[in-house]
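Note: the block below is protein.cif and it holds mmCIF, C-alpha atoms and all ligand atoms.
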data_entry
loop_
_atom_site.label_atom_id
_atom_site.label_comp_id
_atom_site.auth_asym_id
_atom_site.auth_seq_id
_atom_site.Cartn_x
_atom_site.Cartn_y
_atom_site.Cartn_z
CA MET X 1 0.00 0.00 0.00
CA ARG X 2 1.02 3.65 -0.29
CA ALA X 3 1.73 5.42 3.01
CA LEU X 4 3.29 8.66 4.22
CA ILE X 5 6.56 7.61 5.88
CA LEU X 6 8.69 9.64 8.30
CA ASN X 7 12.30 10.38 7.45
CA SER X 8 13.63 11.62 10.79
CA GLU X 9 17.13 12.42 9.49
CA LEU X 10 15.78 14.74 6.80
CA GLN X 11 12.88 15.93 9.00
CA THR X 12 10.30 15.24 6.35
CA ALA X 13 7.96 12.50 5.19
CA THR X 14 7.58 10.91 1.76
CA VAL X 15 5.06 8.62 0.12
CA GLN X 16 6.39 5.07 -0.12
CA ARG X 17 5.14 1.55 -0.72
CA VAL X 18 5.00 -0.62 2.41
CA SER X 19 3.19 -3.83 3.40
CA ALA X 20 -0.44 -3.41 4.39
CA PRO X 21 -1.08 -4.28 8.06
CA ARG X 22 -2.99 -7.37 9.25
CA PRO X 23 -5.50 -7.06 12.10
CA GLY X 24 -4.82 -8.93 15.34
CA PRO X 25 -7.61 -10.15 17.65
CA GLY X 26 -9.88 -7.25 18.66
CA GLU X 27 -8.73 -5.13 15.71
CA VAL X 28 -10.36 -3.98 12.51
CA LEU X 29 -8.69 -3.55 9.11
CA ILE X 30 -9.86 -0.33 7.45
CA ARG X 31 -9.52 0.94 3.88
CA VAL X 32 -8.81 4.65 4.44
CA HIS X 33 -10.89 7.11 2.38
CA SER X 34 -10.02 10.47 3.98
CA ILE X 35 -7.49 11.82 6.45
CA ALA X 36 -7.58 15.09 8.40
CA LEU X 37 -4.49 16.98 9.53
CA ASN X 38 -3.67 18.03 13.09
CA PRO X 39 -0.86 20.36 14.21
CA VAL X 40 0.96 17.42 15.90
CA ASP X 41 1.25 15.58 12.58
CA ALA X 42 3.32 18.39 11.07
CA LEU X 43 5.16 19.21 14.32
CA TYR X 44 6.65 15.74 14.81
CA VAL X 45 7.73 15.43 11.19
CA ALA X 46 9.65 18.72 11.46
CA HIS X 47 10.96 17.78 14.96
CA PRO X 48 10.86 13.98 14.89
CA LEU X 49 10.52 11.81 17.98
CA GLY X 50 9.97 8.66 15.98
CA ALA X 51 12.45 6.73 13.86
CA THR X 52 12.64 6.75 10.07
CA GLY X 53 10.12 4.34 8.56
CA ARG X 54 7.17 5.16 10.82
CA ILE X 55 3.78 5.90 9.22
CA VAL X 56 2.76 9.50 9.97
CA GLY X 57 -0.69 10.82 10.86
CA SER X 58 -3.64 10.66 13.24
CA ASP X 59 -7.22 11.24 11.97
CA PHE X 60 -8.90 8.97 9.41
CA SER X 61 -12.22 7.77 8.05
CA GLY X 62 -12.81 4.74 5.88
CA THR X 63 -14.54 1.44 5.29
CA VAL X 64 -14.24 -1.76 7.30
CA VAL X 65 -12.49 -4.50 5.30
CA GLU X 66 -12.07 -7.22 7.93
CA VAL X 67 -12.83 -7.67 11.62
CA ALA X 68 -10.59 -9.98 13.67
CA HIS X 69 -12.98 -10.96 16.43
CA ASP X 70 -11.83 -11.30 20.03
CA PRO X 71 -14.31 -13.11 22.30
CA ALA X 72 -13.18 -10.87 25.18
CA SER X 73 -14.32 -7.70 23.38
CA PRO X 74 -17.38 -8.42 21.22
CA THR X 75 -18.17 -5.97 18.41
CA ASP X 76 -20.96 -5.48 15.89
CA LEU X 77 -18.58 -4.02 13.29
CA ALA X 78 -18.84 -5.70 9.89
CA PRO X 79 -17.20 -5.33 6.46
CA SER X 80 -18.24 -2.31 4.37
CA GLN X 81 -19.40 -0.23 7.35
CA ARG X 82 -18.22 3.39 7.34
CA VAL X 83 -16.07 4.24 10.38
CA ALA X 84 -13.67 6.90 11.70
CA GLY X 85 -11.05 7.15 14.43
CA PHE X 86 -7.49 8.23 15.12
CA LEU X 87 -4.07 6.67 15.64
CA GLN X 88 -0.94 8.16 17.17
CA GLY X 89 1.35 8.11 14.17
CA ALA X 90 4.98 9.11 14.61
CA CYS X 91 4.28 11.61 17.42
CA SER X 92 5.83 9.31 19.98
CA ILE X 93 9.03 7.42 20.66
CA ASN X 94 7.31 4.03 20.84
CA PRO X 95 6.70 2.55 17.40
CA ARG X 96 2.98 3.05 16.86
CA PRO X 97 1.91 3.14 13.19
CA GLY X 98 -0.11 6.12 11.99
CA ALA X 99 -3.12 6.70 9.77
CA PHE X 100 -1.86 8.39 6.59
CA ALA X 101 -1.93 5.24 4.45
CA GLU X 102 -4.30 3.28 2.24
CA TYR X 103 -4.97 0.72 4.99
CA LEU X 104 -4.67 0.72 8.77
CA VAL X 105 -5.67 -1.36 11.77
CA CYS X 106 -7.35 0.00 14.90
CA PRO X 107 -8.93 -1.57 18.01
CA THR X 108 -12.59 -2.30 17.22
CA ASP X 109 -13.87 -0.21 20.16
CA LEU X 110 -11.85 2.89 19.24
CA VAL X 111 -13.68 3.59 15.99
CA TRP X 112 -17.18 5.04 15.62
CA ARG X 113 -19.75 4.33 12.92
CA VAL X 114 -20.23 7.26 10.57
CA PRO X 115 -23.91 8.16 9.88
CA ASP X 116 -25.01 8.14 6.21
CA ALA X 117 -25.56 11.90 6.25
CA VAL X 118 -21.90 12.57 7.15
CA SER X 119 -19.29 12.43 4.35
CA PHE X 120 -15.94 10.68 4.71
CA SER X 121 -14.23 14.11 4.61
CA GLU X 122 -16.36 15.45 7.45
CA ALA X 123 -15.98 12.25 9.49
CA ALA X 124 -12.18 12.38 9.24
CA ALA X 125 -12.26 15.79 10.94
CA VAL X 126 -14.02 14.57 14.08
CA SER X 127 -12.21 11.87 16.06
CA LEU X 128 -9.07 13.46 17.55
CA CYS X 129 -10.32 17.00 18.19
CA ALA X 130 -13.80 16.01 19.34
CA LEU X 131 -12.31 13.53 21.84
CA THR X 132 -9.83 16.20 23.01
CA ALA X 133 -12.73 18.58 23.65
CA ALA X 134 -14.86 15.88 25.31
CA GLN X 135 -11.98 14.94 27.64
CA ALA X 136 -11.63 18.58 28.67
CA VAL X 137 -15.32 19.40 29.10
CA PHE X 138 -16.55 16.18 30.75
CA TYR X 139 -13.54 14.26 32.04
CA ARG X 140 -11.15 16.98 33.21
CA LEU X 141 -13.48 19.90 34.08
CA GLY X 142 -16.31 17.61 35.18
CA LEU X 143 -19.41 18.96 33.40
CA SER X 144 -22.29 16.51 33.00
CA ALA X 145 -21.87 14.23 29.98
CA PRO X 146 -24.72 12.92 27.79
CA PHE X 147 -23.22 9.40 28.20
CA SER X 148 -21.69 7.48 31.09
CA TRP X 149 -18.44 5.60 31.48
CA ASP X 150 -16.92 3.32 34.08
CA THR X 151 -15.07 5.42 36.66
CA SER X 152 -14.21 2.49 38.94
CA SER X 153 -10.72 1.68 37.64
CA GLY X 154 -9.25 4.13 40.16
CA ASP X 155 -6.31 4.99 37.92
CA GLN X 156 -7.48 8.50 37.08
CA ARG X 157 -5.14 11.34 37.80
CA GLU X 158 -5.70 13.45 40.90
CA GLU X 159 -7.17 16.45 39.17
CA VAL X 160 -9.82 14.54 37.23
CA ALA X 161 -13.24 15.59 38.47
CA HIS X 162 -16.52 13.75 38.10
CA GLY X 163 -20.03 15.09 38.09
CA ASP X 164 -20.95 18.67 37.53
CA ALA X 165 -18.32 20.64 39.38
CA ALA X 166 -20.09 23.99 39.76
CA ALA X 167 -22.44 24.22 42.72
CA ALA X 168 -25.79 25.33 41.28
CA GLY X 169 -27.46 27.82 38.97
CA LEU X 170 -25.95 29.38 35.90
CA VAL X 171 -22.69 27.88 34.58
CA ARG X 172 -20.34 30.35 32.91
CA PHE X 173 -17.97 28.73 30.44
CA PHE X 174 -15.26 30.60 28.48
CA ILE X 175 -13.50 29.13 25.42
CA TYR X 176 -10.34 30.87 24.23
CA GLY X 177 -9.60 30.01 20.59
CA ALA X 178 -13.29 29.42 19.83
CA SER X 179 -12.61 29.00 16.09
CA THR X 180 -9.95 26.29 16.52
CA SER X 181 -10.92 22.73 15.61
CA VAL X 182 -10.88 21.79 19.31
CA GLY X 183 -12.83 24.92 20.30
CA LEU X 184 -15.62 24.31 17.76
CA TYR X 185 -16.29 20.88 19.28
CA ALA X 186 -15.91 22.18 22.85
CA ALA X 187 -18.73 24.71 22.33
CA GLN X 188 -21.09 22.02 21.05
CA LEU X 189 -20.21 19.72 23.96
CA VAL X 190 -20.81 22.49 26.51
CA ARG X 191 -24.31 22.77 24.98
CA ARG X 192 -24.75 18.98 25.37
CA ALA X 193 -23.61 19.29 29.02
CA ALA X 194 -26.27 21.94 29.63
CA GLU X 195 -28.94 19.61 28.22
CA ALA X 196 -27.62 16.65 30.27
CA SER X 197 -27.64 18.62 33.55
CA GLY X 198 -30.65 20.84 32.91
CA ARG X 199 -28.47 23.76 33.98
CA GLU X 200 -28.37 27.03 32.14
CA VAL X 201 -25.02 27.83 30.51
CA GLN X 202 -23.57 31.15 29.47
CA LEU X 203 -21.02 30.45 26.73
CA ILE X 204 -18.41 33.13 26.10
CA GLY X 205 -15.74 32.81 23.41
CA ALA X 206 -12.63 34.55 22.11
CA ALA X 207 -12.07 34.43 18.34
CA SER X 208 -11.25 36.75 15.48
CA LYS X 209 -14.10 39.12 14.58
CA ALA X 210 -14.41 37.47 11.16
CA ARG X 211 -15.74 34.31 12.89
CA PHE X 212 -18.29 35.99 15.18
CA ASN X 213 -21.35 35.39 12.94
CA MET X 214 -20.49 31.74 12.51
CA LEU X 215 -19.98 31.26 16.26
CA ARG X 216 -23.23 33.00 17.23
CA ALA X 217 -25.20 30.61 15.01
CA ALA X 218 -26.05 26.94 15.62
CA PRO X 219 -24.56 24.54 16.54
CA TYR X 220 -22.19 26.72 18.63
CA ALA X 221 -24.69 29.38 19.78
CA TYR X 222 -22.25 31.59 21.71
CA ASP X 223 -23.94 34.03 24.05
CA ALA X 224 -21.06 36.51 23.92
CA LEU X 225 -17.79 36.89 22.02
CA VAL X 226 -14.59 38.90 22.38
CA ASP X 227 -11.92 39.62 19.79
CA TYR X 228 -8.65 37.96 20.84
CA ARG X 229 -6.72 40.72 19.05
CA ASP X 230 -8.20 43.33 21.41
CA PRO X 231 -5.74 43.58 24.35
CA ASP X 232 -8.63 44.34 26.69
CA TRP X 233 -10.44 41.00 26.10
CA PRO X 234 -9.80 39.49 29.60
CA SER X 235 -11.60 42.32 31.38
CA GLN X 236 -14.41 42.17 28.79
CA VAL X 237 -14.88 38.48 29.58
CA ARG X 238 -15.06 39.14 33.33
CA GLU X 239 -17.58 41.89 32.73
CA MET X 240 -19.72 39.65 30.50
CA ALA X 241 -19.62 37.08 33.32
CA GLY X 242 -21.34 39.46 35.71
CA GLY X 243 -18.09 40.90 37.07
CA GLU X 244 -17.25 37.76 39.09
CA GLY X 245 -15.51 35.79 36.40
CA VAL X 246 -16.31 32.47 34.76
CA ASP X 247 -16.67 29.02 36.36
CA PHE X 248 -14.69 27.26 33.65
CA GLY X 249 -12.10 28.30 31.11
CA TYR X 250 -10.77 26.20 28.22
CA ASP X 251 -7.68 27.59 26.50
CA CYS X 252 -7.63 25.95 23.06
CA ILE X 253 -4.43 27.81 22.11
CA SER X 254 -2.26 27.67 25.31
CA GLU X 255 0.64 29.67 23.90
CA GLY X 256 2.63 32.63 25.26
CA SER X 257 0.52 34.53 27.80
CA THR X 258 -2.88 33.03 26.88
CA VAL X 259 -3.00 30.61 29.85
CA GLU X 260 -2.29 33.41 32.32
CA LYS X 261 -4.97 35.58 30.75
CA VAL X 262 -7.58 32.84 30.54
CA THR X 263 -6.90 31.87 34.17
CA GLY X 264 -7.39 35.54 35.04
CA THR X 265 -10.99 35.38 33.78
CA LEU X 266 -11.96 32.71 36.38
CA ARG X 267 -14.06 33.35 39.45
CA GLU X 268 -12.55 32.23 42.75
CA GLY X 269 -12.53 28.43 42.73
CA GLY X 270 -12.99 28.29 38.94
CA LYS X 271 -11.16 25.70 36.83
CA VAL X 272 -9.20 25.93 33.62
CA ALA X 273 -8.11 23.29 31.09
CA VAL X 274 -5.31 23.76 28.55
CA VAL X 275 -4.35 21.97 25.32
CA ARG X 276 -0.58 22.20 25.80
CA SER X 277 1.49 21.16 28.80
CA ARG X 278 3.67 23.40 30.97
CA GLU X 279 6.60 21.06 30.20
CA GLY X 280 6.26 21.75 26.48
CA ARG X 281 7.04 25.43 27.24
CA ALA X 282 4.64 26.85 24.63
CA TRP X 283 3.27 28.92 27.52
CA ALA X 284 4.59 30.13 30.84
CA ALA X 285 2.83 31.61 33.84
CA GLU X 286 3.78 32.02 37.51
CA ASN X 287 1.60 32.49 40.60
CA LEU X 288 -1.64 31.37 39.01
CA ALA X 289 -4.66 31.22 41.31
CA THR X 290 -5.26 27.67 40.07
CA GLU X 291 -3.04 25.21 38.19
CA PRO X 292 -4.36 24.59 34.66
CA ILE X 293 -5.43 21.02 33.91
CA TYR X 294 -3.59 19.50 30.98
CA GLY X 295 -4.11 16.15 29.35
CA ALA X 296 -3.19 14.55 26.05
CA VAL X 297 -5.81 13.03 23.79
CA TRP X 298 -3.51 9.99 23.48
CA GLU X 299 -4.66 8.93 26.96
CA GLY X 300 -7.80 7.72 25.18
CA LEU X 301 -5.76 5.04 23.41
CA GLY X 302 -5.10 3.29 26.72
CA ALA X 303 -1.39 2.62 26.10
CA ASP X 304 1.77 4.19 27.52
CA VAL X 305 2.97 6.79 25.05
CA GLN X 306 6.49 8.18 25.27
CA TYR X 307 6.20 11.60 23.78
CA TYR X 308 7.24 15.23 24.02
CA GLY X 309 10.83 15.04 25.20
CA ASN X 310 10.87 12.70 28.19
CA MET X 311 7.20 13.08 28.88
CA LEU X 312 5.29 9.84 29.29
CA VAL X 313 1.53 9.80 28.74
CA ARG X 314 0.58 6.93 31.04
CA ALA X 315 -1.96 4.37 29.99
CA SER X 316 -5.19 5.06 31.84
CA ARG X 317 -7.93 2.45 31.85
CA GLU X 318 -10.48 5.11 32.70
CA ALA X 319 -9.41 7.47 29.90
CA ARG X 320 -9.74 4.59 27.45
CA THR X 321 -13.16 3.66 28.84
CA PHE X 322 -14.15 7.31 28.42
CA ALA X 323 -12.99 7.34 24.77
CA VAL X 324 -14.91 4.12 24.02
CA ALA X 325 -18.07 5.58 25.64
CA PHE X 326 -17.71 8.84 23.70
CA TYR X 327 -17.30 7.03 20.37
CA ARG X 328 -20.26 4.78 21.20
CA TRP X 329 -22.30 7.93 21.82
CA LEU X 330 -21.24 9.24 18.38
CA SER X 331 -22.08 5.87 16.76
CA ASP X 332 -25.52 5.94 18.37
CA GLY X 333 -26.31 9.36 16.84
CA GLY X 334 -24.78 11.60 19.53
CA GLN X 335 -25.54 15.16 18.56
CA LEU X 336 -22.26 16.63 17.30
CA GLU X 337 -21.86 18.40 14.00
CA ALA X 338 -18.59 17.80 12.13
CA ASN X 339 -16.38 20.86 11.76
CA PRO X 340 -16.21 22.65 8.40
CA VAL X 341 -13.57 21.03 6.17
CA ARG X 342 -11.28 22.27 3.41
CA ARG X 343 -10.84 19.48 0.88
CA MET X 344 -7.23 19.74 -0.23
CA PRO X 345 -6.07 18.65 -3.70
CA GLY X 346 -3.50 15.97 -4.47
CA GLY X 347 -4.00 13.18 -1.92
CA LEU X 348 -1.11 11.76 0.14
CA ASP X 349 1.52 13.23 -2.22
CA GLN X 350 0.67 16.82 -1.25
CA VAL X 351 0.19 16.43 2.50
CA VAL X 352 3.72 17.58 3.36
CA SER X 353 4.20 20.21 0.65
CA ASP X 354 0.80 21.87 1.21
CA GLY X 355 -0.98 20.73 4.36
CA PHE X 356 2.04 20.62 6.66
CA ALA X 357 3.28 23.90 5.15
CA LEU X 358 -0.02 25.53 6.15
CA LEU X 359 0.06 24.08 9.67
CA GLY X 360 3.72 24.94 10.19
CA SER X 361 5.76 23.48 13.02
CA GLY X 362 5.66 26.42 15.40
CA LEU X 363 2.90 28.16 17.31
CA VAL X 364 -0.74 28.07 16.12
CA GLY X 365 -0.86 31.80 16.88
CA ASN X 366 2.14 32.48 14.65
CA ARG X 367 1.57 30.66 11.36
CA ASP X 368 2.88 32.34 8.28
CA GLY X 369 1.42 31.92 4.84
CA ASN X 370 3.19 33.03 1.69
CA ARG X 371 1.58 30.84 -0.96
CA SER X 372 -0.89 32.19 -3.49
CA GLU X 373 -2.94 29.08 -4.39
CA GLU X 374 -6.58 29.34 -3.32
CA TRP X 375 -6.32 26.20 -1.08
CA MET X 376 -3.25 27.64 0.68
CA ARG X 377 -5.10 30.49 2.43
CA PRO X 378 -4.63 30.60 6.24
CA ILE X 379 -6.58 28.04 8.29
CA SER X 380 -9.55 29.60 10.06
CA ALA X 381 -12.30 27.47 11.61
CA GLU X 382 -11.61 24.70 9.13
CA LYS X 383 -9.97 21.29 9.06
CA LEU X 384 -7.62 20.33 6.21
CA VAL X 385 -8.73 17.04 4.69
CA TYR X 386 -7.25 14.83 1.95
CA ASP X 387 -8.86 11.95 0.09
CA ILE X 388 -6.59 8.92 -0.16
N1 LIG P 1 -3.82 18.12 24.35
C1 LIG P 1 -4.14 17.45 23.26
O1 LIG P 1 -4.22 16.23 23.29
C2 LIG P 1 -4.43 18.19 21.99
C3 LIG P 1 -5.28 17.62 21.05
C4 LIG P 1 -5.59 18.35 19.90
C5 LIG P 1 -5.00 19.59 19.69
N2 LIG P 1 -4.13 20.06 20.60
C6 LIG P 1 -3.49 21.37 20.41
O2 LIG P 1 -4.51 22.34 20.40
C7 LIG P 1 -4.10 23.45 19.63
C8 LIG P 1 -5.22 23.79 18.65
O3 LIG P 1 -5.33 22.75 17.69
P1 LIG P 1 -6.45 22.84 16.56
O4 LIG P 1 -6.25 21.70 15.64
O5 LIG P 1 -7.76 23.00 17.22
O6 LIG P 1 -6.01 24.22 15.85
P2 LIG P 1 -6.46 24.84 14.48
O7 LIG P 1 -7.87 24.44 14.17
O8 LIG P 1 -5.46 24.60 13.44
O9 LIG P 1 -6.42 26.39 14.86
C9 LIG P 1 -6.67 27.37 13.90
C10 LIG P 1 -7.43 28.49 14.56
O10 LIG P 1 -6.62 29.11 15.56
C11 LIG P 1 -7.10 30.41 15.76
N3 LIG P 1 -6.07 31.22 16.36
C12 LIG P 1 -4.83 31.44 15.89
N4 LIG P 1 -4.13 32.24 16.75
C13 LIG P 1 -4.96 32.52 17.77
C14 LIG P 1 -4.82 33.29 18.95
N5 LIG P 1 -3.69 33.93 19.26
N6 LIG P 1 -5.86 33.38 19.78
C15 LIG P 1 -7.03 32.74 19.50
N7 LIG P 1 -7.22 31.98 18.39
C16 LIG P 1 -6.20 31.89 17.53
C17 LIG P 1 -7.45 30.88 14.36
O11 LIG P 1 -8.51 31.75 14.56
P3 LIG P 1 -8.97 32.94 13.58
O12 LIG P 1 -9.02 32.37 12.21
O13 LIG P 1 -10.33 33.26 14.12
O14 LIG P 1 -7.97 34.02 13.72
C18 LIG P 1 -7.85 29.59 13.62
O15 LIG P 1 -9.24 29.47 13.44
C19 LIG P 1 -2.79 23.03 18.94
O16 LIG P 1 -1.70 23.51 19.68
C20 LIG P 1 -2.85 21.52 19.04
O17 LIG P 1 -1.57 20.92 18.99
C21 LIG P 1 -3.84 19.41 21.75
#
Would you mind writing the file out in structure tokens?
Amino acid sequence: MRALILNSELQTATVQRVSAPRPGPGEVLIRVHSIALNPVDALYVAHPLGATGRIVGSDFSGTVVEVAHDPASPTDLAPSQRVAGFLQGACSINPRPGAFAEYLVCPTDLVWRVPDAVSFSEAAAVSLCALTAAQAVFYRLGLSAPFSWDTSSGDQREEVAHGDAAAAGLVRFFIYGASTSVGLYAAQLVRRAAEASGREVQLIGAASKARFNMLRAAPYAYDALVDYRDPDWPSQVREMAGGEGVDFGYDCISEGSTVEKVTGTLREGGKVAVVRSREGRAWAAENLATEPIYGAVWEGLGADVQYYGNMLVRASREARTFAVAFYRWLSDGGQLEANPVRRMPGGLDQVVSDGFALLGSGLVGNRDGNRSEEWMRPISAEKLVYDI
């Protein structure tokens, strides 16, 4: 099969022919139709952790070819069903194969069935970012989820909260980077949390002004928005939140001073989640009123992942159980609209030259674009997707 293969010496990836994988017990073989790009895919090709020869890439959608049944984990997956999921390709030291290939294998319970009304392109844009947002909203910040998962494994990290963490009444939730892929799903999931708890939610977001109309409309339905380019946005958020500050903040950028500023919008006792770790040094902040909660989406895979310098993302049975429950909710018609997608030309061969060039390997807040093709415009509230 054709696959996008890491060359860590040259800090790039090239399309090569490699053997197609075979599914082991409890795994499904999938013919990949579409892939979606995430910043990590480009980052760890430019600054490789993995060895040459690894298959790059995370998000995919495709068709089931073969199911290798495991009596210990029964599945109703069958050939020709449309599914989506993500792998952790070449963003770690341990040799996990990625998704940017014609075929891949994945555990049967870590894919979700794609409804007929959702295209392969749209489906590819869901799995990694929607799970990241779900982990933050339900698992780390503790808002009520529209599905349940087994919390009895006892291996959750200290800061993981369960149940609706705010006491009563109106919940004020602020999303910084509301037009990011993660932020677009987070807003929808905060709305699902409000329905699950019956509590009223005030949703406040920070985005560029150009995205305000989109974010005020369904399915995001922001109550209030601030322009992240206006230096006064933190005090505007506090004011919109009745002067006391918000109950929850989710910083979907977590670069430079954003974490400090987002934390500054919290009420006393409020909680904040971030998408990048302190150790990664994309952001720095001292003397915060509360320590931001970080977690990696890879926790959902349920395997130890050696990544980001010496950082180890420990296997967590509960995080995996959560991911399985979230994907089951999606399979069963869970109400979540796929993010807008930009269908990129050229398939696998142009992922590095175009897609990775657009994503860059630096900060999300500091991408530079100097190409004139129509599909090379800056990324704004859109996921880059390739058909394979
Ligand atoms: N912890 C995890 O496991 C995990 C998982 C997924 C992603 N992430 C991380 O989360 C971050 C976001 O990823 P993504 O895929 O959601 O990004 P993305 O969709 O590529 O982000 C693009 C958006 O960022 C917005 N933006 C750029 N600079 C901004 C700033 N200074 N303030 C506010 N918004 C800004 C742009 O908004 P405008 O167009 O409106 O200007 C644009 O819509 C990345 O660092 C990614 O690596 C972490």
Excluding segment 365-382 of chain X and its own-chain neighbours fewer than 5 positions away, which residues fall within 10 Å of it when counting only C-alpha atoms? Please give them as JSON, numbers by chain.
{"X": [125, 177, 178, 179, 180, 181, 182, 183, 184, 207, 208, 210, 211, 214, 215, 253, 254, 255, 256, 339, 340, 341, 342, 343, 344, 345, 354, 355, 357, 358, 359, 360]}
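When all atoms listed in the file are used to measure the gap to ligand LIG 1 (chain P), the shortest distance among X:Asn38, X:Thr108, X:Thr75, X:Gln350 belongs to X:Asn38.
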In file coordinates, which residues lie within 12 Å of (-26.7, 23.0, 33.9) using all atoms listed in the file, given as number ranges by chain?
X: 142-146, 163-173, 190-203, 247
Nearest to ligand LIG 1 (chain P), chosen from X:Asp76, X:Glu299, X:Glu9, X:Asp116, with all atoms listed in the file counted in the distances:
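Result for the nearest residue to ligand LIG 1 (chain P): X:Glu299.
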Nearest to Phe120 of chain X among X:Leu87, X:Met311, X:Leu4, X:Ala36, with distances taken over only C-alpha atoms: which residue is it?
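Distance minimum relative to Phe120 of chain X lands on X:Ala36.
Considering only C-alpha atoms and all ligand atoms, the residue among X:Val274, X:Val105, X:Ala13, X:Ala218 positioned nearest to ligand LIG 1 (chain P) is X:Val274.
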Give me the residues within 9 Å of Leu301 of chain X as a list in words, counting only C-alpha atoms and dropping any in the same chain fewer than 5 places off.
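Contacts, in chain order: Leu87, Gln88, Leu110, Ala315, Ser316, Ala319, Arg320 and Ala323 of chain X.
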Test item: which residues lie within 7 Å of (1.1, 2.5, 0.4) counting all atoms listed in the file, as an MDAnalysis selection string:
chainID X and resid 1:3 16:18 101:102
Which one is closest to ligand LIG 1 (chain P): X:Ala284, X:Leu348, X:Ala241, X:Ala42? Count all atoms listed in the file.
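Ranking X:Ala284, X:Leu348, X:Ala241, X:Ala42 by distance to ligand LIG 1 (chain P), first place goes to X:Ala42.
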